[in-house]
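Chemist: Input file: final_19.txt. Contents: compact mmCIF, C-alpha atoms and all ligand atoms.
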# COMPACT_ATOMS: atom_id res chain seq x y z
CA MET F 1 -0.50 -7.40 -15.54
CA SER F 2 2.57 -5.69 -16.64
CA THR F 3 4.55 -5.08 -19.68
CA GLU F 4 8.25 -4.80 -19.03
CA SER F 5 10.79 -7.17 -17.58
CA THR F 6 13.86 -5.32 -16.38
CA VAL F 7 16.18 -7.50 -14.35
CA ARG F 8 17.03 -11.15 -13.91
CA PHE F 9 15.73 -13.69 -11.45
CA HIS F 10 17.85 -14.47 -8.43
CA ARG F 11 17.85 -17.61 -6.36
CA MET F 12 17.62 -16.95 -2.64
CA LYS F 13 20.96 -18.65 -1.97
CA ASP F 14 22.76 -16.29 -4.39
CA LEU F 15 21.60 -13.09 -2.75
CA PRO F 16 24.59 -10.99 -1.77
CA SER F 17 23.31 -7.79 -0.11
CA THR F 18 20.45 -6.52 2.02
CA HIS F 19 18.56 -4.67 -0.72
CA LEU F 20 15.42 -6.10 -2.29
CA LEU F 21 16.51 -7.44 -5.64
CA GLY F 22 14.59 -7.15 -8.85
CA THR F 23 13.03 -10.24 -10.33
CA GLY F 24 12.52 -11.30 -13.89
CA THR F 25 8.81 -11.33 -13.20
CA PRO F 26 7.23 -8.64 -15.34
CA MET F 27 6.14 -5.66 -13.26
CA CYS F 28 5.08 -2.38 -14.86
CA ALA F 29 7.66 0.37 -15.21
CA GLY F 30 6.97 3.16 -12.74
CA CYS F 31 4.96 0.97 -10.34
CA GLY F 32 4.36 3.06 -7.21
CA GLY F 33 3.57 -0.06 -5.17
CA LEU F 34 6.94 -1.55 -5.97
CA GLU F 35 8.64 1.78 -5.21
CA ALA F 36 7.11 1.80 -1.72
CA LEU F 37 7.91 -1.87 -1.18
CA HIS F 38 11.58 -1.31 -2.10
CA GLU F 39 11.80 1.49 0.45
CA ILE F 40 10.01 -0.52 3.12
CA TYR F 41 12.16 -3.60 2.56
CA ASP F 42 15.35 -1.53 2.80
CA ILE F 43 14.33 -0.91 6.41
CA LEU F 44 12.72 -4.22 7.33
CA GLY F 45 15.49 -6.33 5.83
CA GLU F 46 15.87 -10.06 5.59
CA LYS F 47 14.52 -11.16 8.97
CA THR F 48 11.01 -11.14 7.62
CA VAL F 49 8.35 -13.60 6.47
CA PHE F 50 5.96 -12.14 3.93
CA VAL F 51 2.38 -13.42 3.74
CA ASN F 52 0.89 -12.16 0.50
CA ALA F 53 -2.66 -12.14 -0.82
CA ALA F 54 -3.25 -12.40 -4.57
CA GLY F 55 -2.49 -9.17 -6.39
CA CYS F 56 0.21 -7.54 -8.52
CA MET F 57 2.96 -8.14 -5.94
CA THR F 58 2.27 -11.87 -6.05
CA LEU F 59 4.13 -11.78 -9.36
CA LEU F 60 7.32 -10.93 -7.47
CA SER F 61 7.72 -14.52 -6.34
CA VAL F 62 7.39 -17.45 -8.67
CA TYR F 63 8.59 -20.60 -6.93
CA PRO F 64 11.49 -21.17 -6.38
CA PHE F 65 12.53 -17.61 -7.22
CA THR F 66 12.03 -14.54 -5.07
CA PRO F 67 13.66 -11.14 -4.63
CA PHE F 68 13.26 -11.53 -0.85
CA ARG F 69 15.83 -13.13 1.41
CA GLY F 70 13.31 -14.43 3.92
CA SER F 71 10.31 -16.62 3.23
CA TRP F 72 7.30 -15.73 1.14
CA LEU F 73 3.91 -17.35 1.56
CA TYR F 74 0.96 -16.93 -0.72
CA ALA F 75 -2.51 -16.87 0.84
CA ALA F 76 -6.07 -16.59 -0.45
CA MET F 77 -7.21 -13.00 -0.97
CA ALA F 78 -9.34 -12.87 2.16
CA SER F 79 -6.95 -14.72 4.42
CA ALA F 80 -3.47 -13.18 4.59
CA PRO F 81 -3.87 -12.01 8.23
CA ALA F 82 -5.09 -15.51 9.17
CA GLY F 83 -2.01 -16.94 7.43
CA ALA F 84 0.13 -14.49 9.40
CA GLN F 85 -1.42 -15.81 12.61
CA GLY F 86 -0.31 -19.33 11.71
CA VAL F 87 3.23 -18.18 10.95
CA ARG F 88 3.44 -16.12 14.15
CA ASP F 89 2.14 -19.07 16.21
CA ALA F 90 4.70 -21.42 14.63
CA LEU F 91 7.53 -18.99 15.37
CA ASP F 92 6.33 -18.56 18.96
CA LEU F 93 6.23 -22.34 19.45
CA LEU F 94 9.76 -22.71 18.13
CA LEU F 95 10.93 -19.97 20.47
CA GLN F 96 9.04 -21.46 23.41
CA LYS F 97 10.50 -24.91 22.85
CA GLN F 98 13.94 -23.35 22.36
CA ARG F 99 14.20 -24.88 18.93
CA MET F 100 15.03 -21.43 17.57
CA PRO F 101 17.26 -18.83 19.26
CA ALA F 102 15.51 -15.55 20.09
CA ASP F 103 17.81 -13.58 17.80
CA GLU F 104 16.55 -15.61 14.83
CA ASP F 105 12.97 -14.50 15.35
CA LEU F 106 11.29 -13.04 12.27
CA GLU F 107 8.92 -10.14 11.63
CA VAL F 108 5.67 -11.41 10.09
CA VAL F 109 4.61 -9.04 7.33
CA VAL F 110 1.31 -9.15 5.49
CA LEU F 111 1.48 -7.61 2.03
CA THR F 112 -1.75 -7.08 0.11
CA GLY F 113 -3.35 -4.73 -2.33
CA ASP F 114 -6.36 -2.57 -1.59
CA GLY F 115 -8.81 -5.13 -2.98
CA ALA F 116 -7.82 -7.43 -0.13
CA ALA F 117 -7.22 -4.74 2.51
CA TYR F 118 -10.33 -2.60 1.93
CA GLY F 119 -12.61 -5.45 0.94
CA MET F 120 -12.12 -9.18 0.81
CA GLY F 121 -9.62 -9.40 3.68
CA LEU F 122 -11.11 -6.78 5.99
CA SER F 123 -12.86 -9.27 8.25
CA SER F 124 -9.74 -11.40 8.68
CA THR F 125 -7.73 -8.22 9.40
CA SER F 126 -10.27 -7.11 11.97
CA GLY F 127 -10.01 -10.50 13.68
CA ALA F 128 -6.22 -10.36 13.71
CA MET F 129 -6.30 -6.89 15.31
CA GLU F 130 -8.87 -8.09 17.83
CA ARG F 131 -6.51 -10.92 18.82
CA GLY F 132 -3.60 -8.47 19.08
CA LEU F 133 -1.58 -10.43 16.52
CA ASP F 134 2.04 -9.29 16.44
CA PHE F 135 2.43 -8.44 12.76
CA LEU F 136 3.01 -5.65 10.28
CA TYR F 137 0.38 -5.18 7.57
CA ILE F 138 1.38 -3.33 4.42
CA CYS F 139 -1.38 -2.43 1.98
CA TYR F 140 -0.14 -0.98 -1.32
CA ASP F 141 -3.18 0.91 -2.47
CA ASN F 142 -3.43 1.31 -6.24
CA GLU F 143 -7.14 2.07 -5.88
CA GLY F 144 -8.47 -0.90 -7.79
CA TYR F 145 -8.19 -4.60 -8.54
CA GLY F 146 -5.07 -4.01 -10.62
CA ASN F 147 -3.89 -7.51 -11.34
CA THR F 148 -7.20 -8.47 -12.93
CA GLY F 149 -7.58 -5.32 -15.05
CA GLN F 150 -8.38 -2.45 -12.63
CA GLN F 151 -11.94 -3.13 -11.60
CA PHE F 152 -13.13 -0.75 -8.88
CA SER F 153 -12.45 -1.64 -5.24
CA GLY F 154 -13.39 -0.11 -1.90
CA ALA F 155 -10.36 2.15 -2.39
CA THR F 156 -11.36 3.63 -5.76
CA PRO F 157 -11.78 7.41 -5.64
CA HIS F 158 -14.99 9.14 -6.66
CA GLY F 159 -15.20 9.87 -10.37
CA ALA F 160 -12.36 7.57 -11.49
CA LYS F 161 -12.92 5.48 -14.59
CA THR F 162 -12.26 1.79 -13.98
CA ALA F 163 -12.90 -1.37 -15.98
CA THR F 164 -16.21 -1.68 -14.12
CA SER F 165 -17.23 1.98 -13.92
CA GLU F 166 -17.06 3.40 -17.39
CA GLY F 167 -19.97 5.84 -17.44
CA PRO F 168 -19.56 9.58 -18.09
CA HIS F 169 -19.03 10.30 -14.39
CA GLY F 170 -16.76 7.36 -13.54
CA TYR F 171 -16.97 5.53 -10.22
CA PRO F 172 -20.04 6.74 -8.30
CA GLY F 173 -18.83 5.56 -4.86
CA TYR F 174 -16.28 7.09 -2.49
CA LYS F 175 -12.97 5.73 -1.29
CA LYS F 176 -13.35 3.99 2.07
CA ASP F 177 -11.50 5.53 5.00
CA LEU F 178 -9.45 2.44 5.84
CA PHE F 179 -7.11 4.41 8.10
CA SER F 180 -10.03 5.25 10.41
CA ILE F 181 -11.52 1.75 10.17
CA TRP F 182 -8.20 0.27 11.24
CA ALA F 183 -7.59 2.95 13.90
CA ALA F 184 -11.03 2.26 15.39
CA HIS F 185 -9.64 -1.14 16.44
CA ARG F 186 -7.08 0.77 18.55
CA PRO F 187 -4.01 -1.14 17.41
CA PRO F 188 -0.57 0.14 18.47
CA TYR F 189 0.09 1.84 15.13
CA VAL F 190 -1.61 2.87 11.88
CA ALA F 191 0.07 5.07 9.27
CA THR F 192 -0.33 6.25 5.70
CA VAL F 193 2.76 6.53 3.53
CA ILE F 194 3.75 7.01 -0.11
CA GLY F 195 6.96 6.03 -1.90
CA ALA F 196 7.36 9.58 -3.25
CA GLU F 197 7.94 10.81 0.33
CA PRO F 198 10.66 8.37 1.36
CA LEU F 199 11.81 10.08 4.57
CA ASP F 200 8.30 10.19 5.99
CA LEU F 201 7.86 6.54 4.95
CA ALA F 202 11.18 5.47 6.50
CA ARG F 203 10.43 7.10 9.83
CA LYS F 204 7.03 5.41 10.01
CA ILE F 205 8.38 1.96 9.17
CA GLU F 206 11.08 2.40 11.83
CA THR F 207 8.41 3.43 14.34
CA ALA F 208 6.32 0.37 13.44
CA GLN F 209 9.37 -1.87 13.77
CA GLY F 210 9.90 -0.66 17.30
CA LEU F 211 6.40 -1.65 18.42
CA LYS F 212 4.63 -4.97 19.05
CA GLY F 213 1.12 -6.05 18.08
CA PRO F 214 -0.83 -5.14 14.95
CA ARG F 215 0.96 -2.37 13.05
CA MET F 216 -0.86 -1.18 9.98
CA ILE F 217 0.52 0.71 6.98
CA ILE F 218 -1.35 1.97 3.90
CA ALA F 219 0.90 3.05 1.02
CA LEU F 220 -0.80 4.95 -1.78
CA ALA F 221 0.58 3.29 -4.92
CA PRO F 222 0.46 5.37 -8.11
CA CYS F 223 -0.20 2.85 -10.86
CA PRO F 224 0.64 3.91 -14.44
CA THR F 225 -1.24 0.96 -15.91
CA GLY F 226 -4.47 1.28 -13.94
CA TRP F 227 -4.46 5.08 -13.60
CA ALA F 228 -3.41 5.55 -17.24
CA TYR F 229 -0.43 7.87 -17.19
CA ASP F 230 3.15 7.88 -18.43
CA PRO F 231 5.29 5.80 -15.99
CA LYS F 232 7.84 8.61 -15.73
CA LEU F 233 5.22 10.67 -13.87
CA SER F 234 4.86 8.28 -10.93
CA VAL F 235 6.91 10.31 -8.46
CA ASP F 236 5.32 13.61 -9.56
CA ILE F 237 1.85 12.12 -9.16
CA GLY F 238 2.78 10.72 -5.76
CA ARG F 239 4.03 14.11 -4.58
CA LEU F 240 0.93 15.81 -5.97
CA ALA F 241 -1.28 13.38 -4.04
CA VAL F 242 0.29 14.84 -0.90
CA LYS F 243 0.52 18.49 -2.02
CA THR F 244 -3.13 18.60 -3.10
CA GLY F 245 -4.21 17.03 0.20
CA VAL F 246 -5.76 14.02 -1.58
CA TRP F 247 -3.49 11.64 0.37
CA PRO F 248 -3.00 12.86 3.93
CA LEU F 249 0.21 11.55 5.49
CA LYS F 250 -0.63 10.69 9.09
CA GLU F 251 -0.22 8.24 11.89
CA TYR F 252 -2.37 6.90 14.70
CA ARG F 253 -0.81 6.05 18.04
CA ASP F 254 -2.09 5.95 21.62
CA GLY F 255 -5.54 7.16 20.56
CA GLN F 256 -4.16 10.21 18.73
CA VAL F 257 -3.97 10.98 15.00
CA VAL F 258 -1.05 13.18 13.97
CA HIS F 259 -0.57 14.56 10.45
CA THR F 260 3.09 14.18 9.58
CA LYS F 261 3.18 16.46 6.52
CA VAL F 262 0.51 19.13 6.30
CA PRO F 263 0.18 20.75 2.85
CA ARG F 264 -0.33 24.31 4.14
CA GLN F 265 -0.81 25.82 0.70
CA ARG F 266 -2.65 23.08 -1.07
CA VAL F 267 -2.32 22.70 -4.82
CA PRO F 268 -5.76 22.46 -6.54
CA VAL F 269 -6.85 18.83 -6.81
CA GLU F 270 -7.28 19.04 -10.56
CA GLU F 271 -3.49 19.39 -10.96
CA TYR F 272 -3.34 15.81 -9.69
CA LEU F 273 -6.39 14.56 -11.57
CA LYS F 274 -5.54 15.95 -14.98
CA LEU F 275 -2.32 13.92 -15.24
CA GLN F 276 -4.28 10.67 -15.08
CA GLY F 277 -6.23 9.07 -17.91
CA ARG F 278 -8.73 7.60 -15.44
CA PHE F 279 -9.98 11.17 -14.85
CA ARG F 280 -9.76 12.39 -18.46
CA HIS F 281 -13.56 12.46 -18.80
CA LEU F 282 -13.60 15.22 -16.16
CA PHE F 283 -11.74 17.50 -18.59
CA GLU F 284 -12.69 16.23 -22.08
CA PRO F 285 -14.65 16.66 -24.26
CA GLU F 286 -16.05 19.17 -21.77
CA ARG F 287 -14.97 20.17 -18.33
CA ASP F 288 -17.18 18.55 -15.66
CA ALA F 289 -17.09 21.56 -13.34
CA ALA F 290 -19.62 20.15 -10.88
CA LEU F 291 -17.78 16.88 -10.37
CA LEU F 292 -14.40 18.63 -10.07
CA ALA F 293 -15.83 21.08 -7.53
CA GLY F 294 -17.32 18.20 -5.57
CA ILE F 295 -13.99 16.37 -5.41
CA GLN F 296 -12.18 19.56 -4.33
CA ALA F 297 -14.86 20.28 -1.70
CA ARG F 298 -14.38 16.87 -0.05
CA VAL F 299 -10.63 17.41 0.19
CA ASP F 300 -11.16 20.92 1.61
CA ALA F 301 -13.67 19.58 4.13
CA TYR F 302 -11.19 16.96 5.31
CA TRP F 303 -8.48 19.53 6.02
CA ALA F 304 -10.95 21.98 7.55
CA ALA F 305 -12.07 19.22 9.94
CA VAL F 306 -8.50 18.58 11.05
CA GLY F 307 -7.90 22.32 11.46
CA ALA F 308 -5.36 22.78 8.67
C1 LIG F 401 -11.33 -14.88 -3.76
C2 LIG F 401 -10.65 -14.39 -4.98
N1 LIG F 401 -11.33 -13.67 -5.88
C3 LIG F 401 -10.71 -13.21 -6.99
C4 LIG F 401 -9.39 -13.50 -7.21
C5 LIG F 401 -8.72 -13.02 -8.49
N2 LIG F 401 -7.77 -11.98 -8.21
C6 LIG F 401 -6.44 -12.19 -8.21
S1 LIG F 401 -5.53 -10.82 -7.97
C7 LIG F 401 -6.95 -9.89 -7.88
C8 LIG F 401 -6.87 -8.41 -7.72
C9 LIG F 401 -6.49 -8.01 -6.32
O1 LIG F 401 -6.62 -6.62 -6.16
P1 LIG F 401 -5.76 -5.88 -5.07
O2 LIG F 401 -5.86 -6.57 -3.77
O3 LIG F 401 -6.14 -4.46 -5.08
O4 LIG F 401 -4.28 -6.05 -5.58
P2 LIG F 401 -3.68 -5.50 -6.99
O5 LIG F 401 -4.03 -6.52 -8.00
O6 LIG F 401 -4.31 -4.19 -7.27
O7 LIG F 401 -2.22 -5.43 -6.75
C10 LIG F 401 -8.10 -10.65 -8.03
C11 LIG F 401 -9.47 -10.14 -8.02
C12 LIG F 401 -8.71 -14.27 -6.25
N3 LIG F 401 -7.41 -14.57 -6.37
N4 LIG F 401 -9.34 -14.70 -5.13
S1 LIG F 402 -0.85 -2.73 -12.55
FE1 LIG F 402 -0.20 -0.98 -11.28
S2 LIG F 402 0.19 -1.82 -9.20
FE2 LIG F 402 0.15 -3.53 -10.68
S3 LIG F 402 2.33 -3.88 -11.25
FE3 LIG F 402 1.39 -2.50 -12.78
S4 LIG F 402 1.83 -0.40 -12.01
FE4 LIG F 402 2.15 -1.82 -10.29
MG MG F 403 -5.22 -2.85 -5.94
Produce structure tokens that represent the structure in this file.
Modeler:
Amino acid sequence: MSTESTVRFHRMKDLPSTHLLGTGTPMCAGCGGLEALHEIYDILGEKTVFVNAAGCMTLLSVYPFTPFRGSWLYAAMASAPAGAQGVRDALDLLLQKQRMPADEDLEVVVLTGDGAAYGMGLSSTSGAMERGLDFLYICYDNEGYGNTGQQFSGATPHGAKTATSEGPHGYPGYKKDLFSIWAAHRPPYVATVIGAEPLDLARKIETAQGLKGPRMIIALAPCPTGWAYDPKLSVDIGRLAVKTGVWPLKEYRDGQVVHTKVPRQRVPVEEYLKLQGRFRHLFEPERDAALLAGIQARVDAYWAAVGA
């Protein structure tokens, strides 16, 4: 659901370098999901098979064109981890039968939005973790069903206006804690990242690459179209998500959760909210002091609980 086409299509056979190329497929300028994916792909590289569930990133690949050098499979929204199981099994059979040399093995990467990760695909993800599937799951979390017009999802934050929560107080629910839901399965690795903190992101993707089994990444994806802000603010909004404490950067490993960037002097949450049209009703025509205080209190309670 985007507006601007920036670069040309490339055929896979023409690809010259290791960087994810742009496509002619229209993606929105300033897309935070694409920013994170670029950074992640720089590290993962071409020895990857992507299994994608329907969402904005599906528009990256329109057969026979793709910005990826490896393969790209499209799965139903609920089923990307099941698709990844099939791909992993096929690769393992080829290796077992020595029809593929070990150094040609591929990393199986699931790429979905939050609608799939927090909702429709959660059961299939749970099953894949239960089976110990060797895969990397990347959820780019733009906090709504973006591709279909930003309806609320299980990732939508409290108070945000969406296409399906338009009342004076916005979305009445609360964002699900997917990090904890995933970590409760005790997989080898779960991490949160954001494209606006590329070093933290890079270290986590490298860590995940060095492990086997289910490795789970949630990338908060500032979304100018769905969050209603000027695309040039994407990086500022991403940094503010971390500095306000709204998006804790953390990782789970060996039963422990470690925060990788603690905002010691947190910026007030409203500095983050007021840049986004989806929260405008909290400031205009009158300031909704109670709702703002409630949102701030939840963030404060989170950091108090982790002792920061
Ligand atoms: C079972 C099913 N229901 C609905 C759709 C229509 N659909 C396509 S993309 C999409 C939005 C997905 O949201 P999300 O996973 O958050 O990805 P985003 O669009 O935000 O990138 C929906 C609802 C679908 N493809 N399959
Ligand atoms: S709607 Fe949001 S997530 Fe989707 S392509 Fe546009 S900016 Fe990116
Ligand atoms: Mg989404």
Chemist: So that I can see what lies close to segment 280-284 of chain F, please list as number ranges by chain the residues with an atom at most 9 Å from it, counting all atoms listed in the file and leaving out residues fewer than 2 positions away in the same chain.
Modeler: F: 159-161, 168-170, 273-278, 286-289, 291-292
Chemist: Kindly provide, as a ChimeraX atom specification, all nucleotide and amino acid residues lying within 7 Å of ligand LIG 401 (chain F), counting all atoms listed in the file.
Modeler: /F:54-57,76-78,112-117,141-148,150,153
Chemist: For atom CA of Gln209 of chain F and atom CA of Leu44 of chain F, determine how far apart the two atoms are, in Å to one decimal place.
Modeler: 7.6 Å
Chemist: The residues within 12 Å of (-5.9, 0.7, 14.1), using only C-alpha atoms and the coordinates of the file, should be reported as an MDAnalysis selection string; which are they?
Modeler: chainID F and resid 125:130 132 136:137 177:192 213:218 251:257
Chemist: Identify, counting only C-alpha atoms and all ligand atoms, the protein, DNA and RNA residues located within 12 Å of ligand LIG 402 (chain F), and give them as a PyMOL selection string.
Modeler: chain F and resi 1-5+25-37+54-60+112-115+139-151+219-234
Chemist: What's the 12 Å shell around segment 259-270 of chain F, counting all atoms listed in the file, without same-chain residues fewer than 6 positions away, as a PDB file with C-alpha atoms, in the coordinates of the input?
Modeler:
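What ended up in part_25.pdb:
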ATOM      1  CA  VAL F 190      -1.610   2.870  11.880  1.00  0.00           C
ATOM      2  CA  ALA F 191       0.070   5.070   9.270  1.00  0.00           C
ATOM      3  CA  THR F 192      -0.330   6.250   5.700  1.00  0.00           C
ATOM      4  CA  VAL F 193       2.760   6.530   3.530  1.00  0.00           C
ATOM      5  CA  ILE F 194       3.750   7.010  -0.110  1.00  0.00           C
ATOM      6  CA  GLU F 197       7.940  10.810   0.330  1.00  0.00           C
ATOM      7  CA  LEU F 199      11.810  10.080   4.570  1.00  0.00           C
ATOM      8  CA  ASP F 200       8.300  10.190   5.990  1.00  0.00           C
ATOM      9  CA  LEU F 201       7.860   6.540   4.950  1.00  0.00           C
ATOM     10  CA  ARG F 203      10.430   7.100   9.830  1.00  0.00           C
ATOM     11  CA  LYS F 204       7.030   5.410  10.010  1.00  0.00           C
ATOM     12  CA  ILE F 237       1.850  12.120  -9.160  1.00  0.00           C
ATOM     13  CA  ARG F 239       4.030  14.110  -4.580  1.00  0.00           C
ATOM     14  CA  LEU F 240       0.930  15.810  -5.970  1.00  0.00           C
ATOM     15  CA  ALA F 241      -1.280  13.380  -4.040  1.00  0.00           C
ATOM     16  CA  VAL F 242       0.290  14.840  -0.900  1.00  0.00           C
ATOM     17  CA  LYS F 243       0.520  18.490  -2.020  1.00  0.00           C
ATOM     18  CA  THR F 244      -3.130  18.600  -3.100  1.00  0.00           C
ATOM     19  CA  GLY F 245      -4.210  17.030   0.200  1.00  0.00           C
ATOM     20  CA  VAL F 246      -5.760  14.020  -1.580  1.00  0.00           C
ATOM     21  CA  TRP F 247      -3.490  11.640   0.370  1.00  0.00           C
ATOM     22  CA  PRO F 248      -3.000  12.860   3.930  1.00  0.00           C
ATOM     23  CA  LEU F 249       0.210  11.550   5.490  1.00  0.00           C
ATOM     24  CA  LYS F 250      -0.630  10.690   9.090  1.00  0.00           C
ATOM     25  CA  GLU F 251      -0.220   8.240  11.890  1.00  0.00           C
ATOM     26  CA  TYR F 252      -2.370   6.900  14.700  1.00  0.00           C
ATOM     27  CA  ARG F 253      -0.810   6.050  18.040  1.00  0.00           C
ATOM     28  CA  GLN F 276      -4.280  10.670 -15.080  1.00  0.00           C
ATOM     29  CA  PHE F 279      -9.980  11.170 -14.850  1.00  0.00           C
ATOM     30  CA  ARG F 280      -9.760  12.390 -18.460  1.00  0.00           C
ATOM     31  CA  LEU F 282     -13.600  15.220 -16.160  1.00  0.00           C
ATOM     32  CA  PHE F 283     -11.740  17.500 -18.590  1.00  0.00           C
ATOM     33  CA  ARG F 287     -14.970  20.170 -18.330  1.00  0.00           C
ATOM     34  CA  ASP F 288     -17.180  18.550 -15.660  1.00  0.00           C
ATOM     35  CA  ALA F 289     -17.090  21.560 -13.340  1.00  0.00           C
ATOM     36  CA  LEU F 291     -17.780  16.880 -10.370  1.00  0.00           C
ATOM     37  CA  LEU F 292     -14.400  18.630 -10.070  1.00  0.00           C
ATOM     38  CA  ALA F 293     -15.830  21.080  -7.530  1.00  0.00           C
ATOM     39  CA  GLY F 294     -17.320  18.200  -5.570  1.00  0.00           C
ATOM     40  CA  ILE F 295     -13.990  16.370  -5.410  1.00  0.00           C
ATOM     41  CA  GLN F 296     -12.180  19.560  -4.330  1.00  0.00           C
ATOM     42  CA  ALA F 297     -14.860  20.280  -1.700  1.00  0.00           C
ATOM     43  CA  ARG F 298     -14.380  16.870  -0.050  1.00  0.00           C
ATOM     44  CA  VAL F 299     -10.630  17.410   0.190  1.00  0.00           C
ATOM     45  CA  ASP F 300     -11.160  20.920   1.610  1.00  0.00           C
ATOM     46  CA  TYR F 302     -11.190  16.960   5.310  1.00  0.00           C
ATOM     47  CA  TRP F 303      -8.480  19.530   6.020  1.00  0.00           C
ATOM     48  CA  ALA F 304     -10.950  21.980   7.550  1.00  0.00           C
ATOM     49  CA  VAL F 306      -8.500  18.580  11.050  1.00  0.00           C
ATOM     50  CA  GLY F 307      -7.900  22.320  11.460  1.00  0.00           C
ATOM     51  CA  ALA F 308      -5.360  22.780   8.670  1.00  0.00           C
TER      52      ALA F 308
END
Chemist: To one decimal place in Å, what is the distance between atom CA of Gln85 of chain F and atom CA of Val108 of chain F?
Modeler: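 About the pair atom CA of Gln85 of chain F and atom CA of Val108 of chain F: they are 8.7 Å apart.
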Chemist: Could you please determine the separation between atom CA of Lys47 of chain F and atom CA of Pro198 of chain F in Å, to one decimal place?
Modeler: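 Between atom CA of Lys47 of chain F and atom CA of Pro198 of chain F the gap is 21.3 Å.
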Chemist: Considering all atoms listed in the file, state which residue in the set F:His158, F:Lys176, F:Phe152, F:Val49 is at the smallest distance from ligand MG 403 (chain F).
Modeler: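 Closest to ligand MG 403 (chain F) of all the choices is F:Phe152.
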Chemist: Quick one: of F:Ile205, F:Leu211, F:Ala102, F:Ala155, who's nearest to ligand MG 403 (chain F), counting only C-alpha atoms and all ligand atoms?
Modeler: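 Among F:Ile205, F:Leu211, F:Ala102, F:Ala155, it is F:Ala155 that comes nearest to ligand MG 403 (chain F).
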Chemist: From the set F:Ala75, F:Ala305, F:Val110, F:Ala53, which residue has the shortest atom-to-atom contact distance to ligand MG 403 (chain F), counting only C-alpha atoms and all ligand atoms?
Modeler: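 Smallest distance to ligand MG 403 (chain F) is found for F:Ala53.
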Chemist: Considering all atoms listed in the file, state which residue in the set F:Ala84, F:Ala202, F:Ala90, F:Ala196 is at the smallest distance from Asp236 of chain F.
Modeler: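 The answer is F:Ala196, which sits nearest to Asp236 of chain F.
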Chemist: Return the single residue from F:Thr66, F:Gln96, F:Ser124, F:Thr156 that is closest to ligand MG 403 (chain F), with distances computed using all atoms listed in the file.
Modeler: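 Of F:Thr66, F:Gln96, F:Ser124, F:Thr156, the one nearest ligand MG 403 (chain F) is F:Thr156, counting all atoms listed in the file.
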Chemist: Have a look at F:Thr48, F:Ser71, F:Thr162, F:Ser79 and name the one nearest to ligand MG 403 (chain F); count only C-alpha atoms and all ligand atoms.
Modeler: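 With only C-alpha atoms and all ligand atoms as the atom set, the closest residue is F:Thr162.
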Chemist: So that I can look at just that part, could you write segment 50-67 of chain F with C-alpha atoms, as a PDB file, in the first residue's frame?
Modeler:
ATOM      1  CA  PHE F  50      12.815 -16.481   2.678  1.00  0.00           C
ATOM      2  CA  VAL F  51       9.347 -17.785   3.526  1.00  0.00           C
ATOM      3  CA  ASN F  52       7.005 -14.822   3.630  1.00  0.00           C
ATOM      4  CA  ALA F  53       3.438 -14.441   4.838  1.00  0.00           C
ATOM      5  CA  ALA F  54       1.165 -11.900   3.153  1.00  0.00           C
ATOM      6  CA  GLY F  55       1.950  -8.338   4.168  1.00  0.00           C
ATOM      7  CA  CYS F  56       3.735  -5.232   2.910  1.00  0.00           C
ATOM      8  CA  MET F  57       7.035  -7.063   2.310  1.00  0.00           C
ATOM      9  CA  THR F  58       5.275  -9.475  -0.028  1.00  0.00           C
ATOM     10  CA  LEU F  59       5.359  -6.609  -2.519  1.00  0.00           C
ATOM     11  CA  LEU F  60       9.150  -6.929  -2.653  1.00  0.00           C
ATOM     12  CA  SER F  61       8.906  -9.989  -4.862  1.00  0.00           C
ATOM     13  CA  VAL F  62       6.695 -10.170  -7.886  1.00  0.00           C
ATOM     14  CA  TYR F  63       7.538 -13.271  -9.901  1.00  0.00           C
ATOM     15  CA  PRO F  64      10.045 -13.533 -11.542  1.00  0.00           C
ATOM     16  CA  PHE F  65      11.609 -10.458  -9.952  1.00  0.00           C
ATOM     17  CA  THR F  66      13.089 -10.197  -6.490  1.00  0.00           C
ATOM     18  CA  PRO F  67      15.694  -8.074  -4.712  1.00  0.00           C
TER      19      PRO F  67
END
